[in-house]
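query32.tsv follows (TSV, C-alpha atoms):
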chain	number	residue	atom	x	y	z
O	252	MET	CA	7.40	18.91	21.36
O	253	ARG	CA	4.08	18.85	19.50
O	254	ARG	CA	1.23	18.45	21.98
O	255	ILE	CA	-1.81	16.45	20.85
O	256	ALA	CA	-5.14	15.99	22.65
O	257	VAL	CA	-7.42	13.07	21.82
O	258	ILE	CA	-10.95	13.46	23.16
O	259	GLY	CA	-12.90	10.24	23.74
O	260	GLY	CA	-11.81	7.03	25.43
O	261	GLY	CA	-13.57	4.41	23.32
O	262	VAL	CA	-11.79	2.05	20.94
O	263	THR	CA	-11.53	4.80	18.32
O	264	GLY	CA	-9.87	7.37	20.56
O	265	LEU	CA	-7.59	4.80	22.16
O	266	SER	CA	-6.46	3.52	18.76
O	267	VAL	CA	-5.82	7.08	17.55
O	268	ALA	CA	-3.74	7.84	20.66
O	269	TRP	CA	-1.78	4.60	20.28
O	270	HIS	CA	-1.02	5.21	16.61
O	271	LEU	CA	0.02	8.82	17.18
O	272	LYS	CA	2.38	7.86	19.97
O	273	SER	CA	3.77	4.77	18.22
O	274	ARG	CA	4.71	7.04	15.30
O	275	GLY	CA	6.46	9.49	17.62
O	276	LEU	CA	4.25	12.40	16.55
O	277	GLY	CA	4.26	14.18	19.88
O	278	ASP	CA	3.17	14.34	23.49
O	279	VAL	CA	-0.22	12.58	23.36
O	280	HIS	CA	-2.94	13.10	25.97
O	281	LEU	CA	-6.26	11.23	25.86
O	282	PHE	CA	-9.24	12.61	27.77
O	283	GLU	CA	-12.27	10.53	28.73
O	284	ARG	CA	-15.09	12.26	30.58
O	285	ASP	CA	-15.90	9.13	32.61
O	286	ARG	CA	-14.31	5.70	32.25
O	287	LEU	CA	-12.66	4.15	29.23
O	288	GLY	CA	-15.07	2.38	26.89
O	289	CYS	CA	-18.16	3.68	28.72
O	290	GLY	CA	-19.90	5.28	25.71
O	291	THR	CA	-20.78	2.94	22.86
O	292	THR	CA	-17.73	0.65	22.91
O	293	TRP	CA	-18.84	-1.45	25.86
O	294	HIS	CA	-22.09	-2.63	24.24
O	295	SER	CA	-20.57	-3.45	20.84
O	296	ALA	CA	-21.31	-6.98	19.65
O	297	GLY	CA	-17.59	-7.25	18.81
O	298	ASP	CA	-18.11	-8.97	15.45
O	299	VAL	CA	-15.31	-8.63	12.90
O	300	THR	CA	-15.61	-9.97	9.35
O	301	TRP	CA	-13.21	-9.78	6.44
O	302	TYR	CA	-14.44	-9.65	2.87
O	303	PRO	CA	-12.72	-8.38	-0.29
O	304	GLY	CA	-13.03	-4.77	-1.33
O	305	GLY	CA	-14.53	-1.87	0.55
O	306	ASP	CA	-13.87	-0.98	4.17
O	307	ASN	CA	-13.63	-4.56	5.40
O	308	ASP	CA	-10.64	-5.66	3.36
O	309	GLU	CA	-7.11	-4.47	4.17
O	310	GLN	CA	-8.47	-2.54	7.14
O	311	VAL	CA	-9.72	-5.72	8.81
O	312	LEU	CA	-6.53	-7.63	8.04
O	313	TYR	CA	-4.59	-4.82	9.69
O	314	LEU	CA	-6.83	-4.94	12.78
O	315	LEU	CA	-6.23	-8.67	13.18
O	316	GLU	CA	-2.49	-8.24	12.69
O	317	LEU	CA	-2.38	-5.41	15.23
O	318	ILE	CA	-4.39	-7.39	17.78
O	319	SER	CA	-1.96	-10.29	17.49
O	320	ARG	CA	1.00	-7.95	17.89
O	321	LEU	CA	-0.44	-6.17	20.94
O	322	GLU	CA	-1.44	-9.44	22.60
O	323	LYS	CA	2.15	-10.67	22.33
O	324	GLN	CA	3.50	-7.36	23.55
O	325	THR	CA	1.19	-6.95	26.55
O	326	GLY	CA	0.39	-10.54	27.53
O	327	LEU	CA	-3.31	-9.63	27.45
O	328	PHE	CA	-6.03	-11.36	25.42
O	329	SER	CA	-8.60	-9.55	23.30
O	330	GLY	CA	-11.01	-12.48	23.29
O	331	TRP	CA	-10.63	-12.86	19.54
O	332	ARG	CA	-11.91	-16.15	18.20
O	333	GLU	CA	-12.22	-17.00	14.55
O	334	THR	CA	-15.54	-18.80	14.07
O	335	GLY	CA	-16.31	-18.08	10.41
O	336	ARG	CA	-19.59	-16.70	9.12
O	337	VAL	CA	-22.40	-18.04	6.94
O	338	TYR	CA	-24.07	-15.56	4.59
O	339	LEU	CA	-27.63	-16.80	4.20
O	340	ALA	CA	-29.32	-16.59	0.79
O	341	ARG	CA	-33.11	-16.51	0.61
O	342	ASP	CA	-33.38	-16.42	-3.19
O	343	ALA	CA	-31.50	-17.09	-6.42
O	344	ALA	CA	-30.37	-13.48	-6.80
O	345	ALA	CA	-28.64	-13.55	-3.41
O	346	MET	CA	-27.05	-16.88	-4.21
O	347	GLU	CA	-25.70	-15.44	-7.47
O	348	ARG	CA	-24.14	-12.52	-5.59
O	349	TYR	CA	-22.54	-14.89	-3.13
O	350	SER	CA	-21.25	-17.06	-5.95
O	351	LYS	CA	-19.43	-14.07	-7.41
O	352	LEU	CA	-18.08	-13.12	-3.97
O	353	HIS	CA	-16.95	-16.73	-3.47
O	354	THR	CA	-14.91	-16.60	-6.69
O	355	ILE	CA	-13.22	-13.35	-5.65
O	356	MET	CA	-12.45	-14.60	-2.14
O	357	GLN	CA	-11.01	-17.87	-3.41
O	358	GLY	CA	-8.83	-15.80	-5.72
O	359	ARG	CA	-7.49	-14.12	-2.59
O	360	GLY	CA	-6.59	-17.52	-1.13
O	361	VAL	CA	-9.49	-17.79	1.31
O	362	ASP	CA	-11.17	-21.19	1.63
O	363	THR	CA	-14.76	-20.03	1.22
O	364	ARG	CA	-17.49	-22.52	0.37
O	365	LEU	CA	-20.83	-22.31	-1.40
O	366	LEU	CA	-23.36	-24.36	0.55
O	367	SER	CA	-26.63	-26.05	-0.29
O	368	PRO	CA	-29.39	-25.59	2.30
O	369	LYS	CA	-28.60	-29.01	3.77
O	370	GLU	CA	-24.88	-28.22	3.94
O	371	ALA	CA	-25.64	-24.89	5.62
O	372	VAL	CA	-27.41	-26.79	8.42
O	373	SER	CA	-24.25	-28.84	8.96
O	374	TYR	CA	-22.47	-25.55	9.69
O	375	HIS	CA	-25.20	-24.15	11.95
O	376	PRO	CA	-27.55	-26.84	13.34
O	377	LEU	CA	-30.31	-24.36	14.26
O	378	LEU	CA	-30.92	-23.40	10.63
O	379	ASN	CA	-34.09	-24.35	8.79
O	380	ALA	CA	-33.01	-25.70	5.39
O	381	SER	CA	-36.44	-25.14	3.84
O	382	ALA	CA	-36.13	-21.37	4.40
O	383	LEU	CA	-32.88	-21.18	2.41
O	384	ARG	CA	-31.77	-21.12	-1.19
O	385	GLY	CA	-28.19	-21.70	-0.04
O	386	ALA	CA	-25.33	-19.97	1.76
O	387	LEU	CA	-21.74	-18.83	1.55
O	388	TYR	CA	-19.27	-19.80	4.27
O	389	ASN	CA	-16.47	-17.31	4.97
O	390	PRO	CA	-13.88	-18.65	7.43
O	391	ARG	CA	-12.24	-15.26	7.99
O	392	SER	CA	-14.72	-13.93	10.50
O	393	GLY	CA	-15.10	-13.97	14.25
O	394	ASN	CA	-15.63	-11.84	17.31
O	395	LEU	CA	-13.72	-10.29	20.17
O	396	ASN	CA	-14.39	-8.70	23.54
O	397	PRO	CA	-14.53	-4.90	23.07
O	398	THR	CA	-13.30	-4.42	26.63
O	399	GLY	CA	-10.36	-6.68	25.82
O	400	LEU	CA	-9.49	-4.52	22.82
O	401	VAL	CA	-9.70	-1.42	25.01
O	402	GLU	CA	-7.24	-2.99	27.44
O	403	LEU	CA	-4.81	-3.82	24.62
O	404	TYR	CA	-4.75	-0.21	23.42
O	405	VAL	CA	-4.49	1.10	26.99
O	406	ARG	CA	-1.70	-1.19	28.19
O	407	SER	CA	0.40	-0.76	25.09
O	408	GLY	CA	-0.36	2.95	24.79
O	409	ARG	CA	0.71	3.66	28.34
O	410	SER	CA	3.93	1.71	27.81
O	411	LEU	CA	4.67	4.01	24.87
O	412	GLY	CA	3.95	7.10	26.92
O	413	VAL	CA	0.33	7.99	26.11
O	414	ASN	CA	-1.11	10.08	28.95
O	415	ILE	CA	-4.62	8.77	29.68
O	416	HIS	CA	-6.94	10.93	31.77
O	417	GLU	CA	-10.18	9.34	32.97
O	418	ARG	CA	-13.01	11.37	34.52
O	419	SER	CA	-11.59	14.37	32.69
O	420	GLU	CA	-14.36	16.06	30.74
O	421	ILE	CA	-13.52	18.50	27.98
O	422	ARG	CA	-16.20	21.16	27.63
O	423	GLU	CA	-14.79	23.40	24.92
O	424	LEU	CA	-12.16	23.70	22.22
O	425	SER	CA	-10.16	26.90	22.01
O	426	SER	CA	-8.69	28.47	18.89
O	427	ALA	CA	-6.77	31.57	17.92
O	428	SER	CA	-5.74	33.08	14.59
O	429	GLY	CA	-7.38	30.32	12.58
O	430	ARG	CA	-5.84	27.37	14.36
O	431	ILE	CA	-6.65	25.21	17.34
O	432	SER	CA	-4.97	26.28	20.54
O	433	GLY	CA	-6.21	23.85	23.15
O	434	VAL	CA	-9.10	22.61	25.25
O	435	VAL	CA	-11.08	23.76	28.25
O	436	THR	CA	-11.93	21.26	30.98
O	437	ALA	CA	-15.19	21.05	32.90
O	438	GLU	CA	-13.41	22.81	35.76
O	439	GLY	CA	-12.51	25.72	33.51
O	440	GLU	CA	-8.83	24.86	33.19
O	441	ARG	CA	-7.32	25.83	29.83
O	442	LEU	CA	-4.81	23.36	28.44
O	443	GLN	CA	-2.62	24.21	25.47
O	444	PHE	CA	-2.39	21.79	22.53
O	445	ASP	CA	-1.16	22.05	18.96
O	446	ASP	CA	-3.65	19.49	17.61
O	447	VAL	CA	-6.97	18.16	18.89
O	448	VAL	CA	-8.57	14.93	17.63
O	449	VAL	CA	-12.26	14.60	18.50
O	450	CYS	CA	-13.27	10.94	18.86
O	451	ALA	CA	-16.32	11.45	21.04
O	452	GLY	CA	-18.84	9.48	18.99
O	453	LEU	CA	-22.40	10.61	19.66
O	454	TRP	CA	-21.09	13.65	21.53
O	455	SER	CA	-18.63	14.88	18.88
O	456	PRO	CA	-21.03	17.48	17.38
O	457	ASP	CA	-21.40	19.18	20.77
O	458	LEU	CA	-17.65	19.64	21.04
O	459	VAL	CA	-17.07	21.09	17.60
O	460	GLY	CA	-20.30	23.05	17.18
O	461	ALA	CA	-18.83	26.22	18.69
O	462	GLN	CA	-16.20	26.12	15.92
O	463	ASP	CA	-19.07	26.31	13.36
O	464	ILE	CA	-18.54	22.67	12.38
O	465	ILE	CA	-21.57	20.43	11.91
O	466	PRO	CA	-20.53	16.80	11.37
O	467	ALA	CA	-22.96	14.89	9.14
O	468	GLN	CA	-23.88	12.32	11.75
O	469	GLY	CA	-26.71	11.52	14.09
O	470	GLY	CA	-27.62	9.04	16.79
O	471	CYS	CA	-29.94	6.07	16.28
O	472	GLU	CA	-31.31	3.38	18.50
O	473	HIS	CA	-29.52	0.14	17.67
O	474	PHE	CA	-30.70	-3.24	18.91
O	475	TYR	CA	-29.59	-6.75	19.67
O	476	ILE	CA	-30.88	-9.39	22.04
O	477	ILE	CA	-29.16	-12.30	23.76
O	478	MET	CA	-31.25	-15.45	24.02
O	479	GLU	CA	-31.00	-18.55	26.15
O	480	MET	CA	-31.76	-21.58	24.00
O	481	PRO	CA	-34.00	-24.31	25.39
O	482	GLU	CA	-31.48	-26.90	24.23
O	483	ARG	CA	-27.89	-26.52	23.13
O	484	VAL	CA	-27.60	-28.62	19.98
O	485	TRP	CA	-24.10	-27.63	18.88
O	486	THR	CA	-20.96	-29.36	20.14
O	487	LYS	CA	-18.56	-26.67	18.90
O	488	THR	CA	-19.03	-22.95	18.35
O	489	PRO	CA	-21.02	-22.51	15.13
O	490	PRO	CA	-20.13	-19.73	12.69
O	491	SER	CA	-21.81	-16.38	12.99
O	492	PHE	CA	-24.60	-15.69	10.51
O	493	LEU	CA	-25.94	-12.85	8.41
O	494	SER	CA	-29.04	-12.42	6.27
O	495	THR	CA	-29.17	-9.13	4.39
O	496	ALA	CA	-32.70	-9.86	3.17
O	497	ASP	CA	-33.89	-10.04	6.77
O	498	LEU	CA	-31.57	-7.30	8.08
O	499	ILE	CA	-30.30	-9.59	10.84
O	500	TYR	CA	-26.98	-10.90	12.08
O	501	GLY	CA	-26.02	-13.11	14.97
O	502	ARG	CA	-23.67	-15.53	16.64
O	503	GLU	CA	-23.19	-17.85	19.59
O	504	GLU	CA	-22.86	-16.02	22.91
O	505	VAL	CA	-21.84	-18.01	26.00
O	506	GLY	CA	-24.03	-20.93	25.09
O	507	GLY	CA	-26.87	-18.76	23.87
O	508	ILE	CA	-27.46	-16.70	20.73
O	509	LEU	CA	-26.87	-13.01	20.09
O	510	LEU	CA	-29.30	-11.72	17.46
O	511	GLY	CA	-28.89	-8.20	16.06
O	512	PHE	CA	-30.99	-5.98	13.80
O	513	PHE	CA	-30.29	-3.20	11.29
O	514	ASP	CA	-33.86	-1.98	11.03
O	515	THR	CA	-35.35	0.29	8.39
O	516	HIS	CA	-36.50	3.78	9.37
O	517	ALA	CA	-34.31	3.66	12.45
O	518	ASN	CA	-35.33	5.66	15.49
O	519	VAL	CA	-33.22	8.84	15.52
O	520	ILE	CA	-32.45	10.12	19.00
O	521	ASP	CA	-31.79	13.55	20.45
O	522	VAL	CA	-28.33	13.07	21.90
O	523	GLY	CA	-28.73	16.19	24.02
O	524	ALA	CA	-31.72	14.58	25.76
O	525	LEU	CA	-29.78	11.52	26.92
O	526	PRO	CA	-29.53	11.36	30.71
O	527	GLU	CA	-26.26	12.49	32.24
O	528	PRO	CA	-23.95	10.82	32.75
O	529	PHE	CA	-24.73	8.37	29.94
O	530	SER	CA	-21.97	5.94	30.89
O	531	PHE	CA	-22.34	2.16	30.53
O	532	ALA	CA	-25.99	3.01	29.89
O	533	LEU	CA	-28.71	1.78	27.54
O	534	LEU	CA	-32.05	2.99	26.21
O	535	ASN	CA	-35.39	1.30	26.88
O	536	GLU	CA	-36.41	-1.96	25.24
O	537	ASN	CA	-38.42	-1.58	22.03
O	538	TRP	CA	-40.06	-4.86	21.12
O	539	ASP	CA	-42.46	-3.26	18.63
O	540	LYS	CA	-39.52	-2.17	16.49
O	541	ILE	CA	-37.68	-5.49	16.36
O	542	THR	CA	-40.62	-7.94	16.29
O	543	PRO	CA	-40.91	-8.10	12.46
O	544	TYR	CA	-37.18	-8.81	12.18
O	545	PHE	CA	-37.31	-11.39	14.95
O	546	GLU	CA	-40.14	-13.17	13.15
O	547	SER	CA	-38.07	-13.32	9.96
O	548	ALA	CA	-35.12	-14.64	11.96
O	549	ALA	CA	-37.37	-17.34	13.46
O	550	GLU	CA	-38.22	-18.55	9.94
O	551	LEU	CA	-34.52	-19.21	9.47
O	552	PHE	CA	-33.98	-20.47	13.03
O	553	PRO	CA	-37.24	-21.97	14.37
O	554	ALA	CA	-35.66	-22.68	17.76
O	555	PHE	CA	-35.69	-18.94	18.43
O	556	ASN	CA	-39.45	-19.19	19.03
O	557	ASP	CA	-38.82	-21.24	22.18
O	558	ALA	CA	-35.88	-19.19	23.44
O	559	SER	CA	-35.97	-16.91	26.47
O	560	VAL	CA	-34.39	-13.49	26.27
O	561	ARG	CA	-31.49	-12.95	28.63
O	562	SER	CA	-30.76	-9.33	27.62
O	563	PHE	CA	-32.24	-6.66	25.38
O	564	ILE	CA	-29.56	-4.20	24.27
O	565	ASN	CA	-30.73	-0.85	22.91
O	566	GLY	CA	-27.46	1.02	22.65
O	567	PRO	CA	-27.39	4.28	20.68
O	568	GLU	CA	-24.83	4.54	17.89
O	569	ALA	CA	-23.65	7.38	15.65
O	570	PHE	CA	-24.48	6.94	11.96
O	571	THR	CA	-23.69	8.98	8.83
O	572	PRO	CA	-25.77	9.36	5.62
O	573	ASP	CA	-23.55	7.05	3.55
O	574	GLY	CA	-22.60	4.50	6.21
O	575	LYS	CA	-18.96	5.60	6.32
O	576	PRO	CA	-17.24	7.36	9.21
O	577	LEU	CA	-15.95	10.93	9.28
O	578	ILE	CA	-12.16	10.80	9.50
O	579	GLY	CA	-9.71	13.58	8.81
O	580	ALA	CA	-9.15	17.31	9.10
O	581	ALA	CA	-12.18	19.32	10.16
O	582	GLN	CA	-13.22	22.25	8.00
O	583	GLY	CA	-12.44	24.72	10.72
O	584	PRO	CA	-9.39	25.76	12.70
O	585	GLU	CA	-6.14	24.21	11.51
O	586	GLY	CA	-5.07	21.41	13.79
O	587	LEU	CA	-8.60	20.14	14.48
O	588	TRP	CA	-9.34	16.55	13.42
O	589	LEU	CA	-12.41	14.33	13.55
O	590	CYS	CA	-12.83	10.56	13.96
O	591	THR	CA	-16.52	10.04	14.50
O	592	GLY	CA	-19.74	8.58	13.07
O	593	MET	CA	-18.59	4.95	13.10
O	594	ASN	CA	-21.90	3.42	11.97
O	595	SER	CA	-21.69	0.56	14.47
O	596	TYR	CA	-18.32	-0.53	13.03
O	597	GLY	CA	-16.11	1.27	15.52
O	598	VAL	CA	-14.38	-1.88	16.73
O	599	THR	CA	-13.80	-3.15	13.19
O	600	ASN	CA	-12.53	0.22	11.94
O	601	SER	CA	-10.56	1.23	15.00
O	602	ALA	CA	-7.10	0.15	13.86
O	603	ALA	CA	-7.39	1.63	10.36
O	604	THR	CA	-8.91	4.84	11.75
O	605	GLY	CA	-5.94	5.37	14.03
O	606	HIS	CA	-3.51	4.63	11.21
O	607	ILE	CA	-5.23	7.09	8.84
O	608	ILE	CA	-5.13	9.93	11.36
O	609	ALA	CA	-1.48	9.24	12.16
O	610	ASP	CA	-0.64	9.23	8.45
O	611	LEU	CA	-2.47	12.51	7.83
O	612	MET	CA	-0.89	14.21	10.82
O	613	ALA	CA	2.52	12.95	9.77
O	614	GLY	CA	1.97	14.41	6.30
O	615	VAL	CA	2.38	11.11	4.46
O	616	ALA	CA	0.11	9.29	2.02
O	617	PRO	CA	-2.41	7.25	4.06
O	618	ARG	CA	-1.96	3.50	4.01
O	619	PHE	CA	-5.72	3.09	3.67
O	620	PRO	CA	-8.12	5.09	1.47
O	621	ALA	CA	-8.87	8.36	3.25
O	622	ASP	CA	-10.81	10.45	0.73
O	623	ILE	CA	-13.95	8.33	1.16
O	624	TYR	CA	-14.02	9.45	4.82
O	625	ARG	CA	-13.51	13.18	4.21
O	626	VAL	CA	-15.30	15.16	6.87
O	627	ASP	CA	-16.64	17.72	4.38
O	628	ARG	CA	-17.95	15.31	1.74
O	629	PHE	CA	-21.62	16.19	2.31
O	630	GLY	CA	-21.04	19.93	1.91
O	631	GLU	CA	-23.81	22.26	3.00
O	632	LYS	CA	-26.35	19.43	3.20
O	633	SER	CA	-24.98	18.56	6.65
O	634	ARG	CA	-26.49	21.88	7.82
O	635	ASP	CA	-29.99	20.84	6.76
O	636	PRO	CA	-31.52	19.21	9.86
O	637	GLN	CA	-34.42	17.64	7.98
O	638	TRP	CA	-32.19	16.07	5.31
O	639	LEU	CA	-29.72	14.88	7.92
O	640	ARG	CA	-32.35	13.33	10.17
O	641	GLN	CA	-33.99	11.44	7.29
O	642	SER	CA	-30.62	10.28	5.94
O	643	ILE	CA	-29.55	9.04	9.36
O	644	ALA	CA	-32.84	7.13	9.83
O	645	ASP	CA	-32.29	5.37	6.50
O	646	SER	CA	-28.59	4.68	7.01
O	647	PRO	CA	-28.42	1.54	9.22
O	648	SER	CA	-30.43	-0.64	6.83
O	649	SER	CA	-29.19	0.94	3.60
O	650	TYR	CA	-25.54	0.06	4.14
O	651	PHE	CA	-25.88	-3.20	6.04
O	652	PHE	CA	-23.79	-6.07	4.69
So that I can check it, write out the structure of this file as structure tokens.
Amino acid sequence: MRRIAVIGGGVTGLSVAWHLKSRGLGDVHLFERDRLGCGTTWHSAGDVTWYPGGDNDEQVLYLLELISRLEKQTGLFSGWRETGRVYLARDAAAMERYSKLHTIMQGRGVDTRLLSPKEAVSYHPLLNASALRGALYNPRSGNLNPTGLVELYVRSGRSLGVNIHERSEIRELSSASGRISGVVTAEGERLQFDDVVVCAGLWSPDLVGAQDIIPAQGGCEHFYIIMEMPERVWTKTPPSFLSTADLIYGREEVGGILLGFFDTHANVIDVGALPEPFSFALLNENWDKITPYFESAAELFPAFNDASVRSFINGPEAFTPDGKPLIGAAQGPEGLWLCTGMNSYGVTNSAATGHIIADLMAGVAPRFPADIYRVDRFGEKSRDPQWLRQSIADSPSSYFF
């Protein structure tokens, strides 16, 4: 039987393992160096939004369908709640874009609504109408608990026969005669595999570097805060919100507000300098970096000025130069695959990522577009450290929607 190793126990690796096993592609083993979800999955905001076209269309619909199926199968709950989202327009140009998007979404049968500033406040009572030109309401949006999604993949995967190994660090990949031959554990044990799928996020480059593969990704600081509001003025959960002009997003969080930032000139980090083990860990607070974005957010939501901060999350994420992940065959030994560089959309992309890898390994046409994720699409530029670092710093804000 074909033996397949999946390295990385976040939502991406767990989805890949589940999809491979559900398709009957072999004896699937997943290796996580510490505990499942301990890397970047655990601090994900868990927001999921559908919109037409691009990576958030059929891929998101598939994620929601798969979540529903796995919840019924396992009896577990992902925490998914559909709250809707308001896209906030600061000027006429943004409102025109949203008007066009509204027409397309209605054509897909989704009950979106264009809102005046006053109507936007009726959807989210903390909004300042005078700071708005208008808004678009998209009902097909919500959030889930990343840990809940992990548990769905784990429970269902184990029932299918996925072998999950926690506290099992893989130090090296082995190859022979131009194809992958297995992995080497931290204890020096050599395990034979026919295929290896590297889903190690920030740490993927370390694993594949010895195979002369340099993934075009890098780590950035990525921020959100959770605020306690001085007064809760909503009687039901308001929709999440997004303002591309201000590079902010947010939603209700246990009676408070989660406010996130996709800042320009993001702080690139040296992954090798992260403390070990970097499990369920965060970086230091950086108020200087987020203050300008917080001030813009407070123009839209004046109540934020009186809020107290419950948590400051600075969780590193892996980004790529074009804001799209690296999914597919690595340009190295045959049988080596990559699923990495998720650009802070690992939860949203997890189901489609697993499906794409399973399709490619099964030798069938992928259900979802795969060429846009080709691992080698940046060519030799990925070997230019200066170009890569600058591209990664620009990526979070450049591709934020």
My list of candidates is O:Met593, O:Ser392, O:Pro620, O:Gly579. Which is closest to O:Leu312 when distances are computed with all atoms listed in the file?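 Looking only at the distances to O:Leu312, the closest residue turns out to be O:Ser392.
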Closest of O:Arg364, O:Arg286, O:Arg406, O:Arg391 to O:Phe328, counting all atoms listed in the file, is O:Arg406
Name the residues in contact with stretch 622-626 of chain O at a cut-off of 6 Å, using all atoms listed in the file, excluding same-chain residues fewer than 4 positions from it; report them as a list in words. Pro576, Leu577, Ile578 and Gly579 of chain O
Close residues, stretch 436-441 of chain O itself excluded, 9 Å, all atoms listed in the file, min 4 positions apart in chain, as a VMD selection string: chain O and resid 419 to 423 425
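Atom CA of O:Gly290 lies 25.7 Å from atom CA of O:Gly583.
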